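Structure file entry-v5.tsv (TSV, C-alpha atoms and all ligand atoms) follows.
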```tsv
chain	number	residue	atom	x	y	z
F	1216	MET	CA	-22.22	7.43	4.19
F	1217	ALA	CA	-23.72	6.38	0.83
F	1218	ASP	CA	-23.09	9.89	-0.46
F	1219	HIS	CA	-19.51	9.69	0.66
F	1220	LEU	CA	-18.96	6.38	-1.04
F	1221	SER	CA	-20.45	7.43	-4.37
F	1222	GLN	CA	-18.34	10.56	-4.24
F	1223	THR	CA	-15.35	8.32	-3.58
F	1224	VAL	CA	-16.01	6.38	-6.75
F	1225	ARG	CA	-16.29	9.62	-8.73
F	1226	ASP	CA	-13.10	10.75	-7.08
F	1227	LEU	CA	-11.24	7.65	-8.20
F	1228	GLY	CA	-12.43	8.39	-11.70
F	1229	GLN	CA	-11.35	11.99	-11.67
F	1230	GLY	CA	-8.15	11.68	-9.69
F	1231	ASP	CA	-8.97	14.85	-7.78
F	1232	LYS	CA	-6.37	14.45	-5.08
F	1233	GLY	CA	-8.26	11.83	-3.10
F	1234	GLY	CA	-10.58	14.49	-1.70
F	1235	ALA	CA	-13.69	12.37	-1.42
F	1236	LEU	CA	-11.86	9.35	-0.06
F	1237	ARG	CA	-10.46	11.59	2.59
F	1238	GLU	CA	-13.91	13.00	3.34
F	1239	THR	CA	-15.32	9.49	3.62
F	1240	TRP	CA	-12.66	8.51	6.06
F	1241	GLN	CA	-13.02	11.69	8.07
F	1242	GLY	CA	-16.79	11.51	7.99
F	1243	VAL	CA	-16.77	7.97	9.29
F	1244	PHE	CA	-13.75	7.92	11.53
F	1245	GLY	CA	-13.52	11.43	12.79
F	1246	GLU	CA	-10.86	13.97	13.53
F	1247	VAL	CA	-7.40	14.67	12.16
F	1248	ARG	CA	-6.04	14.18	15.68
F	1249	PHE	CA	-7.49	10.68	15.83
F	1250	GLN	CA	-6.12	9.88	12.37
F	1251	LYS	CA	-2.70	11.09	13.38
F	1252	ARG	CA	-2.70	8.87	16.40
F	1253	LEU	CA	-3.81	5.93	14.33
F	1254	CYS	CA	-1.17	6.63	11.70
F	1255	LYS	CA	1.54	6.66	14.37
F	1256	LEU	CA	0.20	3.47	15.86
F	1257	LEU	CA	0.38	1.78	12.48
F	1258	LEU	CA	3.93	3.06	12.06
F	1259	LYS	CA	4.91	1.07	15.14
F	1260	SER	CA	3.52	-2.12	13.66
F	1261	ARG	CA	6.24	-4.75	13.38
F	1262	PHE	CA	4.28	-6.51	10.67
F	1263	LEU	CA	4.21	-3.44	8.42
F	1264	LYS	CA	7.89	-2.76	9.07
F	1265	ALA	CA	8.90	-6.31	8.30
F	1266	LYS	CA	6.75	-6.54	5.22
F	1267	PHE	CA	7.09	-3.17	3.59
F	1268	LYS	CA	10.08	-1.26	4.86
F	1269	ARG	CA	12.43	-1.03	1.91
F	1270	CYS	CA	15.30	0.69	3.64
F	1271	PRO	CA	15.97	1.91	7.20
F	1272	ILE	CA	15.16	5.45	6.23
F	1273	ALA	CA	16.25	7.37	3.18
F	1274	ALA	CA	18.30	9.68	5.41
F	1275	GLU	CA	20.49	6.81	6.56
F	1276	ILE	CA	21.16	5.81	3.00
F	1277	VAL	CA	22.01	9.38	2.05
F	1278	ALA	CA	24.55	9.39	4.84
F	1279	GLN	CA	26.35	6.46	3.25
F	1280	TRP	CA	27.11	8.30	0.02
F	1281	GLU	CA	30.48	9.80	0.44
F	1282	GLY	CA	32.40	10.70	-2.69
F	1283	PRO	CA	31.41	11.13	-6.30
F	1284	GLU	CA	32.27	7.51	-7.02
F	1285	ASP	CA	29.70	6.40	-4.46
F	1286	LEU	CA	27.20	8.78	-5.94
F	1287	PHE	CA	27.76	7.39	-9.42
F	1288	ALA	CA	27.56	3.85	-8.10
F	1289	ARG	CA	24.21	4.76	-6.62
F	1290	ILE	CA	22.95	6.17	-9.92
F	1291	ASP	CA	24.18	3.00	-11.64
F	1292	SER	CA	22.41	0.79	-9.14
F	1293	CYS	CA	19.16	2.78	-9.35
F	1294	HIS	CA	18.49	1.34	-12.75
F	1295	SER	CA	19.92	-2.11	-12.30
F	1296	SER	CA	17.84	-2.93	-9.22
F	1297	ARG	CA	14.55	-2.83	-11.09
F	1298	ALA	CA	13.28	-2.77	-14.61
F	1299	ASN	CA	12.72	0.58	-16.28
F	1300	THR	CA	11.38	1.85	-19.56
F	1301	PHE	CA	14.56	0.85	-21.35
F	1302	ASP	CA	14.58	-2.77	-20.19
F	1303	LEU	CA	10.86	-3.09	-20.70
F	1304	PHE	CA	10.60	-1.75	-24.19
F	1305	ARG	CA	14.02	-2.30	-25.77
F	1306	ASP	CA	12.77	-5.14	-27.95
F	1307	ILE	CA	9.74	-3.34	-29.31
F	1308	VAL	CA	10.96	0.25	-29.44
F	1309	PRO	CA	14.48	0.21	-30.90
F	1310	ILE	CA	16.67	3.15	-29.94
F	1311	ASN	CA	19.52	2.55	-32.39
F	1312	GLY	CA	20.51	5.69	-34.27
F	1313	LYS	CA	17.72	7.75	-32.73
F	1314	GLY	CA	17.70	11.25	-31.28
F	1315	ILE	CA	16.06	10.79	-27.88
F	1316	LEU	CA	14.49	13.10	-25.33
F	1317	ASP	CA	14.72	11.70	-21.79
F	1318	LEU	CA	11.90	13.66	-20.21
F	1319	GLY	CA	12.41	14.16	-16.46
F	1320	CYS	CA	15.88	12.64	-16.66
F	1321	GLY	CA	16.87	13.35	-13.03
F	1322	GLU	CA	20.51	12.43	-12.54
F	1323	ALA	CA	20.73	11.18	-16.13
F	1324	GLY	CA	21.09	7.51	-15.21
F	1325	LEU	CA	18.83	6.41	-18.04
F	1326	SER	CA	20.03	9.11	-20.47
F	1327	CYS	CA	23.46	7.48	-20.23
F	1328	LYS	CA	21.96	4.04	-20.63
F	1329	TYR	CA	20.32	5.12	-23.90
F	1330	ALA	CA	23.54	6.81	-25.07
F	1331	GLY	CA	25.52	3.64	-24.31
F	1332	SER	CA	23.01	1.43	-26.11
F	1333	GLY	CA	22.98	2.83	-29.61
F	1334	ALA	CA	21.11	6.14	-29.43
F	1335	GLU	CA	22.66	8.73	-31.73
F	1336	TRP	CA	22.28	11.46	-29.12
F	1337	VAL	CA	20.23	12.06	-26.01
F	1338	VAL	CA	18.82	15.22	-24.50
F	1339	GLY	CA	18.12	14.86	-20.78
F	1340	CYS	CA	15.56	17.43	-19.72
F	1341	ASP	CA	14.46	18.06	-16.15
F	1342	ARG	CA	12.45	20.80	-14.49
F	1343	ASN	CA	14.53	20.60	-11.38
F	1344	TYR	CA	17.95	21.59	-12.68
F	1345	GLU	CA	19.41	24.01	-10.23
F	1346	GLY	CA	22.46	23.27	-8.11
F	1347	TRP	CA	23.23	19.70	-7.13
F	1348	PRO	CA	20.80	17.77	-9.34
F	1349	LEU	CA	22.41	19.24	-12.43
F	1350	GLU	CA	25.92	18.88	-10.99
F	1351	ASN	CA	25.25	15.22	-10.17
F	1352	ALA	CA	23.88	14.60	-13.64
F	1353	LYS	CA	26.78	16.37	-15.36
F	1354	GLY	CA	29.29	14.45	-13.25
F	1355	TYR	CA	27.58	11.17	-14.06
F	1356	VAL	CA	27.49	11.86	-17.81
F	1357	ARG	CA	31.24	12.60	-17.75
F	1358	TYR	CA	31.94	9.56	-15.56
F	1359	LYS	CA	30.15	7.34	-18.09
F	1360	GLY	CA	32.07	8.93	-20.98
F	1361	HIS	CA	28.99	10.32	-22.75
F	1362	TRP	CA	29.79	14.03	-22.54
F	1363	GLY	CA	28.93	15.47	-25.93
F	1364	LYS	CA	26.48	12.72	-26.73
F	1365	VAL	CA	24.20	13.49	-23.79
F	1366	LEU	CA	23.08	17.07	-23.46
F	1367	LEU	CA	21.42	18.25	-20.22
F	1368	VAL	CA	18.78	20.94	-20.36
F	1369	GLN	CA	16.54	22.54	-17.78
F	1370	GLY	CA	12.92	22.57	-18.90
F	1371	ASP	CA	9.40	21.87	-17.75
F	1372	GLY	CA	7.58	19.04	-19.50
F	1373	ALA	CA	4.59	21.33	-20.00
F	1374	ARG	CA	6.72	23.98	-21.76
F	1375	LEU	CA	9.53	22.14	-23.51
F	1376	PRO	CA	12.36	24.39	-24.66
F	1377	PHE	CA	12.74	22.67	-28.05
F	1378	LYS	CA	11.70	23.29	-31.63
F	1379	ALA	CA	8.89	21.29	-33.20
F	1380	HIS	CA	9.83	17.92	-34.75
F	1381	SER	CA	13.14	17.63	-32.90
F	1382	PHE	CA	13.12	14.06	-31.57
F	1383	ASP	CA	12.62	10.54	-32.94
F	1384	LEU	CA	11.74	9.15	-29.55
F	1385	ILE	CA	10.73	10.50	-26.13
F	1386	ILE	CA	11.17	8.33	-23.07
F	1387	SER	CA	9.83	9.25	-19.66
F	1388	ASN	CA	10.53	6.91	-16.77
F	1389	ASP	CA	8.76	7.48	-13.44
F	1390	VAL	CA	7.98	11.13	-14.20
F	1391	PHE	CA	4.29	11.36	-15.10
F	1392	ASP	CA	3.42	10.82	-11.45
F	1393	HIS	CA	5.12	14.20	-10.85
F	1394	ILE	CA	3.97	16.35	-13.76
F	1395	ILE	CA	0.97	18.42	-12.70
F	1396	GLU	CA	0.10	19.69	-16.19
F	1397	LEU	CA	-0.05	16.29	-17.83
F	1398	SER	CA	-2.24	17.24	-20.79
F	1399	GLU	CA	0.05	20.14	-21.61
F	1400	ALA	CA	3.11	17.90	-21.27
F	1401	LEU	CA	1.63	15.40	-23.72
F	1402	GLN	CA	0.80	18.21	-26.15
F	1403	GLU	CA	4.38	19.35	-25.88
F	1404	CYS	CA	5.65	15.83	-26.50
F	1405	TYR	CA	3.49	15.74	-29.62
F	1406	ARG	CA	4.87	19.06	-30.82
F	1407	VAL	CA	8.57	18.24	-30.37
F	1408	LEU	CA	8.28	14.70	-31.76
F	1409	LYS	CA	8.90	13.99	-35.44
F	1410	PRO	CA	5.96	12.48	-37.36
F	1411	GLY	CA	6.09	8.72	-36.89
F	1412	GLY	CA	7.95	9.20	-33.59
F	1413	GLN	CA	7.04	7.47	-30.36
F	1414	VAL	CA	6.67	8.36	-26.68
F	1415	VAL	CA	7.34	5.64	-24.13
F	1416	ILE	CA	5.98	6.29	-20.66
F	1417	THR	CA	5.99	4.35	-17.44
F	1418	PHE	CA	4.95	5.56	-13.98
F	1419	ILE	CA	3.11	4.54	-10.83
F	1420	PRO	CA	-0.50	5.65	-10.42
F	1421	TRP	CA	-1.71	7.65	-7.40
F	1422	TYR	CA	-3.46	4.75	-5.65
F	1423	HIS	CA	-0.39	2.52	-5.83
F	1424	PRO	CA	0.46	1.40	-2.26
F	1425	SER	CA	3.36	3.84	-2.26
F	1426	GLY	CA	1.76	6.39	-4.60
F	1427	PHE	CA	2.25	9.09	-1.96
F	1428	HIS	CA	6.04	8.65	-2.38
F	1429	LEU	CA	6.92	8.72	1.31
F	1430	MET	CA	7.07	4.99	2.06
F	1431	ASP	CA	10.68	5.29	3.17
F	1432	TYR	CA	9.43	7.34	6.12
F	1433	ILE	CA	5.78	6.45	6.55
F	1434	CYS	CA	5.79	2.78	5.90
F	1435	ILE	CA	2.04	2.26	5.55
F	1436	PRO	CA	0.84	1.01	2.17
F	1437	TYR	CA	-2.01	3.09	0.76
F	1438	ALA	CA	-1.45	5.72	3.46
F	1439	ASN	CA	-2.81	8.35	1.06
F	1440	LEU	CA	-6.11	6.46	0.95
F	1441	LEU	CA	-6.32	6.23	4.71
F	1442	PHE	CA	-5.03	9.61	5.79
F	1443	ASN	CA	-5.21	13.07	4.37
F	1444	GLU	CA	-2.21	15.09	3.31
F	1445	LYS	CA	-2.24	17.18	6.47
F	1446	VAL	CA	-2.09	14.11	8.69
F	1447	LEU	CA	0.77	12.59	6.69
F	1448	LEU	CA	2.66	15.87	6.72
F	1449	ASP	CA	2.15	16.33	10.47
F	1450	VAL	CA	3.37	12.81	11.12
F	1451	LEU	CA	6.39	13.40	8.90
F	1452	LEU	CA	7.21	16.65	10.71
F	1453	ASP	CA	7.00	14.84	14.05
F	1454	LEU	CA	9.29	12.09	12.73
F	1455	ALA	CA	11.74	14.73	11.47
F	1456	ALA	CA	11.72	16.44	14.87
F	1457	GLU	CA	12.69	13.11	16.46
F	1458	ASN	CA	15.30	12.30	13.81
F	1459	PRO	CA	17.07	15.31	12.24
F	1460	ARG	CA	18.42	13.09	9.46
F	1461	ILE	CA	14.93	12.87	8.05
F	1462	ALA	CA	14.81	16.67	7.82
F	1463	ASP	CA	18.28	16.57	6.21
F	1464	SER	CA	17.05	14.22	3.52
F	1465	ILE	CA	13.92	16.30	2.80
F	1466	PRO	CA	15.16	19.91	2.95
F	1467	GLY	CA	11.62	21.20	2.31
F	1468	LEU	CA	10.66	20.03	5.80
F	1469	LYS	CA	12.93	22.60	7.38
F	1470	GLY	CA	10.96	25.63	6.12
F	1471	ASN	CA	9.89	28.28	8.60
F	1472	PRO	CA	6.89	28.27	8.85
F	1473	PRO	CA	6.77	24.52	8.23
F	1474	PRO	CA	5.26	23.32	4.93
F	1475	THR	CA	1.50	22.90	4.85
F	1476	SER	CA	1.37	20.70	1.76
F	1477	PHE	CA	3.48	18.16	-0.11
F	1478	ASP	CA	4.00	20.79	-2.82
F	1479	GLU	CA	5.44	23.25	-0.31
F	1480	MET	CA	7.71	20.50	0.95
F	1481	GLY	CA	9.04	20.06	-2.60
F	1482	LEU	CA	7.18	16.82	-3.27
F	1483	VAL	CA	5.17	17.55	-6.42
F	1484	LEU	CA	2.71	14.78	-7.24
F	1485	SER	CA	0.31	14.68	-10.17
F	1486	ARG	CA	-2.00	12.27	-8.30
F	1487	VAL	CA	-3.00	10.75	-11.59
F	1488	THR	CA	-5.18	7.66	-11.45
F	1489	VAL	CA	-5.57	4.99	-14.11
F	1490	ILE	CA	-8.91	6.38	-15.26
F	1491	LYS	CA	-7.66	9.94	-15.29
F	1492	PHE	CA	-4.63	8.96	-17.38
F	1493	ARG	CA	-6.83	7.15	-19.90
F	1494	LYS	CA	-9.04	10.24	-20.17
F	1495	ILE	CA	-6.03	12.50	-20.68
F	1496	LEU	CA	-4.77	10.22	-23.45
F	1497	GLN	CA	-8.14	10.41	-25.20
F	1498	GLY	CA	-7.71	14.17	-25.38
F	1499	THR	CA	-4.40	13.94	-27.27
F	1500	LYS	CA	-3.67	13.50	-30.98
F	1501	PHE	CA	-1.49	10.48	-30.26
F	1502	ARG	CA	-2.34	7.00	-31.36
F	1503	VAL	CA	-2.15	4.73	-28.32
F	1504	ALA	CA	-0.10	1.83	-29.62
F	1505	TYR	CA	0.18	0.13	-26.25
F	1506	LEU	CA	-1.35	0.71	-22.82
F	1507	GLU	CA	-0.97	-1.90	-20.11
F	1508	LEU	CA	-1.33	-2.02	-16.37
F	1509	THR	CA	1.39	-4.05	-14.71
F	1510	GLY	CA	0.20	-5.73	-11.53
F	1511	PHE	CA	2.00	-6.92	-8.43
F	1512	ASP	CA	2.22	-10.44	-9.84
F	1513	GLN	CA	5.65	-10.18	-11.44
F	1514	LYS	CA	7.70	-11.33	-8.47
F	1515	THR	CA	5.23	-13.86	-7.19
F	1516	LYS	CA	6.12	-17.52	-7.73
F	1517	ASN	CA	2.78	-18.93	-6.57
F	1518	PRO	CA	0.82	-19.39	-9.84
F	1519	VAL	CA	-2.61	-18.96	-8.22
F	1520	LEU	CA	-1.63	-15.74	-6.48
F	1521	ARG	CA	-0.01	-14.59	-9.70
F	1522	ALA	CA	-3.19	-15.14	-11.64
F	1523	VAL	CA	-5.28	-13.39	-8.98
F	1524	LEU	CA	-2.97	-10.37	-8.80
F	1525	ASP	CA	-2.83	-10.15	-12.57
F	1526	SER	CA	-6.59	-10.34	-12.93
F	1527	LEU	CA	-7.04	-7.51	-10.41
F	1528	THR	CA	-5.45	-5.14	-12.92
F	1529	LYS	CA	-8.26	-5.97	-15.34
F	1530	ILE	CA	-11.13	-4.93	-13.06
F	1531	PRO	CA	-12.06	-1.25	-13.43
F	1532	LEU	CA	-11.65	0.80	-10.23
F	1533	ILE	CA	-10.19	-2.16	-8.32
F	1534	ASN	CA	-7.23	-1.92	-10.69
F	1535	GLU	CA	-6.46	1.52	-9.26
F	1536	LEU	CA	-5.29	-0.22	-6.09
F	1537	PHE	CA	-3.49	-3.15	-7.70
F	1538	THR	CA	-1.53	-1.52	-10.50
F	1539	SER	CA	2.18	-1.39	-9.97
F	1540	HIS	CA	2.92	0.63	-13.13
F	1541	ILE	CA	1.13	2.13	-16.08
F	1542	ASP	CA	3.12	1.38	-19.23
F	1543	CYS	CA	2.32	3.10	-22.45
F	1544	ILE	CA	3.59	3.68	-25.98
F	1545	LEU	CA	2.17	6.59	-27.98
F	1546	GLU	CA	2.74	7.23	-31.66
F	1547	LYS	CA	2.61	10.48	-33.56
F	1548	PRO	CA	0.90	9.58	-36.81
F	1549	THR	CA	2.63	10.23	-40.09
F	1550	ALA	CA	-0.78	10.19	-41.79
F	1551	PRO	CA	-4.30	11.13	-40.59
F	1552	SER	CA	-5.16	8.74	-37.78
F	1553	SER	CA	-8.16	7.22	-39.63
F	1554	THR	CA	-5.78	5.62	-42.15
F	1555	LEU	CA	-3.57	4.01	-39.52
F	1556	PRO	CA	-3.89	0.35	-38.58
F	1557	SER	CA	-5.08	-0.52	-35.06
F	1558	THR	CA	-2.72	-1.54	-32.25
F	1559	PRO	CA	0.26	-3.39	-33.74
F	1560	ARG	CA	0.35	-7.06	-33.03
F	1561	GLY	CA	2.84	-8.75	-30.81
F	1562	LEU	CA	3.59	-5.74	-28.66
F	1563	ARG	CA	4.72	-7.24	-25.42
F	1564	PRO	CA	7.16	-5.54	-23.10
F	1565	GLY	CA	9.70	-7.47	-21.07
F	1566	GLN	CA	8.89	-8.62	-17.55
F	1567	ARG	CA	8.97	-5.97	-14.89
F	1568	GLU	CA	10.34	-6.46	-11.41
F	1569	THR	CA	7.73	-4.68	-9.33
F	1570	SER	CA	8.85	-2.51	-6.44
Z	1601	LIG	C1	11.48	9.90	-9.90
Z	1601	LIG	S1	12.49	10.99	-10.81
Z	1601	LIG	C2	12.86	10.00	-12.22
Z	1601	LIG	C3	14.18	10.39	-12.85
Z	1601	LIG	C4	14.60	9.55	-14.06
Z	1601	LIG	N1	13.61	9.57	-15.10
Z	1601	LIG	C5	14.91	8.15	-13.63
Z	1601	LIG	O1	14.13	7.23	-13.93
Z	1601	LIG	O2	15.94	7.96	-12.98
Z	1601	LIG	C6	11.32	12.18	-11.44
Z	1601	LIG	C7	12.00	13.34	-12.15
Z	1601	LIG	O3	11.02	14.06	-12.87
Z	1601	LIG	C8	11.36	15.43	-12.82
Z	1601	LIG	N2	10.15	16.22	-13.11
Z	1601	LIG	C9	9.06	16.34	-12.35
Z	1601	LIG	N3	8.17	17.15	-12.92
Z	1601	LIG	C10	8.71	17.56	-14.09
Z	1601	LIG	C11	8.27	18.42	-15.13
Z	1601	LIG	N4	7.10	19.03	-15.06
Z	1601	LIG	N5	9.09	18.61	-16.18
Z	1601	LIG	C12	10.30	17.99	-16.26
Z	1601	LIG	N6	10.77	17.18	-15.29
Z	1601	LIG	C13	9.99	16.95	-14.21
Z	1601	LIG	C14	11.86	15.60	-11.39
Z	1601	LIG	O4	12.62	16.78	-11.23
Z	1601	LIG	C15	12.67	14.33	-11.21
Z	1601	LIG	O5	14.01	14.49	-11.58
```
Now that the file is in, can you turn its structure into structure tokens?
Amino acid sequence: MADHLSQTVRDLGQGDKGGALRETWQGVFGEVRFQKRLCKLLLKSRFLKAKFKRCPIAAEIVAQWEGPEDLFARIDSCHSSRANTFDLFRDIVPINGKGILDLGCGEAGLSCKYAGSGAEWVVGCDRNYEGWPLENAKGYVRYKGHWGKVLLVQGDGARLPFKAHSFDLIISNDVFDHIIELSEALQECYRVLKPGGQVVITFIPWYHPSGFHLMDYICIPYANLLFNEKVLLDVLLDLAAENPRIADSIPGLKGNPPPTSFDEMGLVLSRVTVIKFRKILQGTKFRVAYLELTGFDQKTKNPVLRAVLDSLTKIPLINELFTSHIDCILEKPTAPSSTLPSTPRGLRPGQRETS
């Protein structure tokens, strides 16, 4: 047991896919079959449903999107319902007149926001640009009237298809939790950024309560701490067998043979922890101008609870579980880093609405 726990701590530090946590749990509580039963039991919990279920299930929401207008309304609402990199950093990282790379732009919701807010031009780049994601993004860019100002490109963050020194600013919203080759992606950001340019990053860490990205289906906070990937996948497959709309909303579930990992299902997760991200940053040539952990305190009105939740983000290891987002600004030096001043004063992002 002691061995398991010390391995768990190392695991948190290394972000190695929760392996040791899983072992601990399995070592102490037994078989996958038992875990599966427990997971399903928890899924029936009215308390968890009432407290954490954000939407009926994603499939039911998908079914409500009918025409392109609805689709565009959804993309609009995606970024008005909660704060994002743009809202958080607009006061301290101006975008006026800049050439911006929106790394992992998805349906280009934020690319258009940057284009409509003073950026000179925006390149939206996403690994996953085949078929509908690109069509949705193109349609949205046209709908917002930014065709020509926003360019959409397929490309992997770890192998960016751009020349060196191309961008003034790179913004990446909710993407680093999906990029497996994070060090390579940061090296690429460094290469394509102009000297003096900045990278603004925000994402949720792996041990966030919904870090496993399936809360819409498996509404158990920290399920990836409690159950291994196989258990979660099995439960999801069972849910999809009961409700075909779940399989419709996650096409990767329909594979024959069925997927044996999140990756095979099409859910690519970098599983990066707070400690792991800090270590990766140390290995880059960037100057870290700002690195903050946002806690779950932002929505809370109770001042005592607020203070407690906020302070939990300051305690090493514990903060892995109580960080809502990692927010970070990196700068590519114009001069050798030893001559640069330390972290600029007064860097404070806007308030974030936590999910
Ligand atoms: C949660 S979405 C965020 C989309 C957009 N940034 C936003 O905030 O609306 C994550 C996006 O990152 C993209 N992505 C994941 N890994 C990537 C990689 N290695 N290179 C480029 N894009 C990637 C995915 O295809 C997906 O569109």
So which residues are near ligand LIG 1601 (chain Z), meaning at most 9 Å away with all atoms listed in the file counted, given back as a PyMOL selection string?
chain F and resi 1290+1293-1294+1299-1300+1317-1326+1339-1344+1348+1369-1375+1386-1397+1400+1418+1483-1485
Residue nearest Ala1352 in chain F among F:Tyr1329, F:Leu1286, F:Pro1518, F:Ile1433 (counting all atoms listed in the file)
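Nearest to Ala1352 in chain F: F:Leu1286.
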Among listed residues F:Ile1435, F:Lys1547, F:Phe1377, F:Ala1288, nearest Ser1260 in chain F (using only C-alpha atoms):
F:Ile1435
Record the distance separating CA of Glu1507 in chain F and CA of Ser1381 in chain F, expressed in Å with one decimal.
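According to the coordinates, CA of Glu1507 in chain F and CA of Ser1381 in chain F are separated by 27.3 Å.
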Excluding Ser1398 in chain F and its own-chain neighbours fewer than 6 positions away, which residues fall within 9 Å of it when counting all atoms listed in the file? Please give them as number ranges by chain.
F: 1373, 1495-1496, 1498-1499
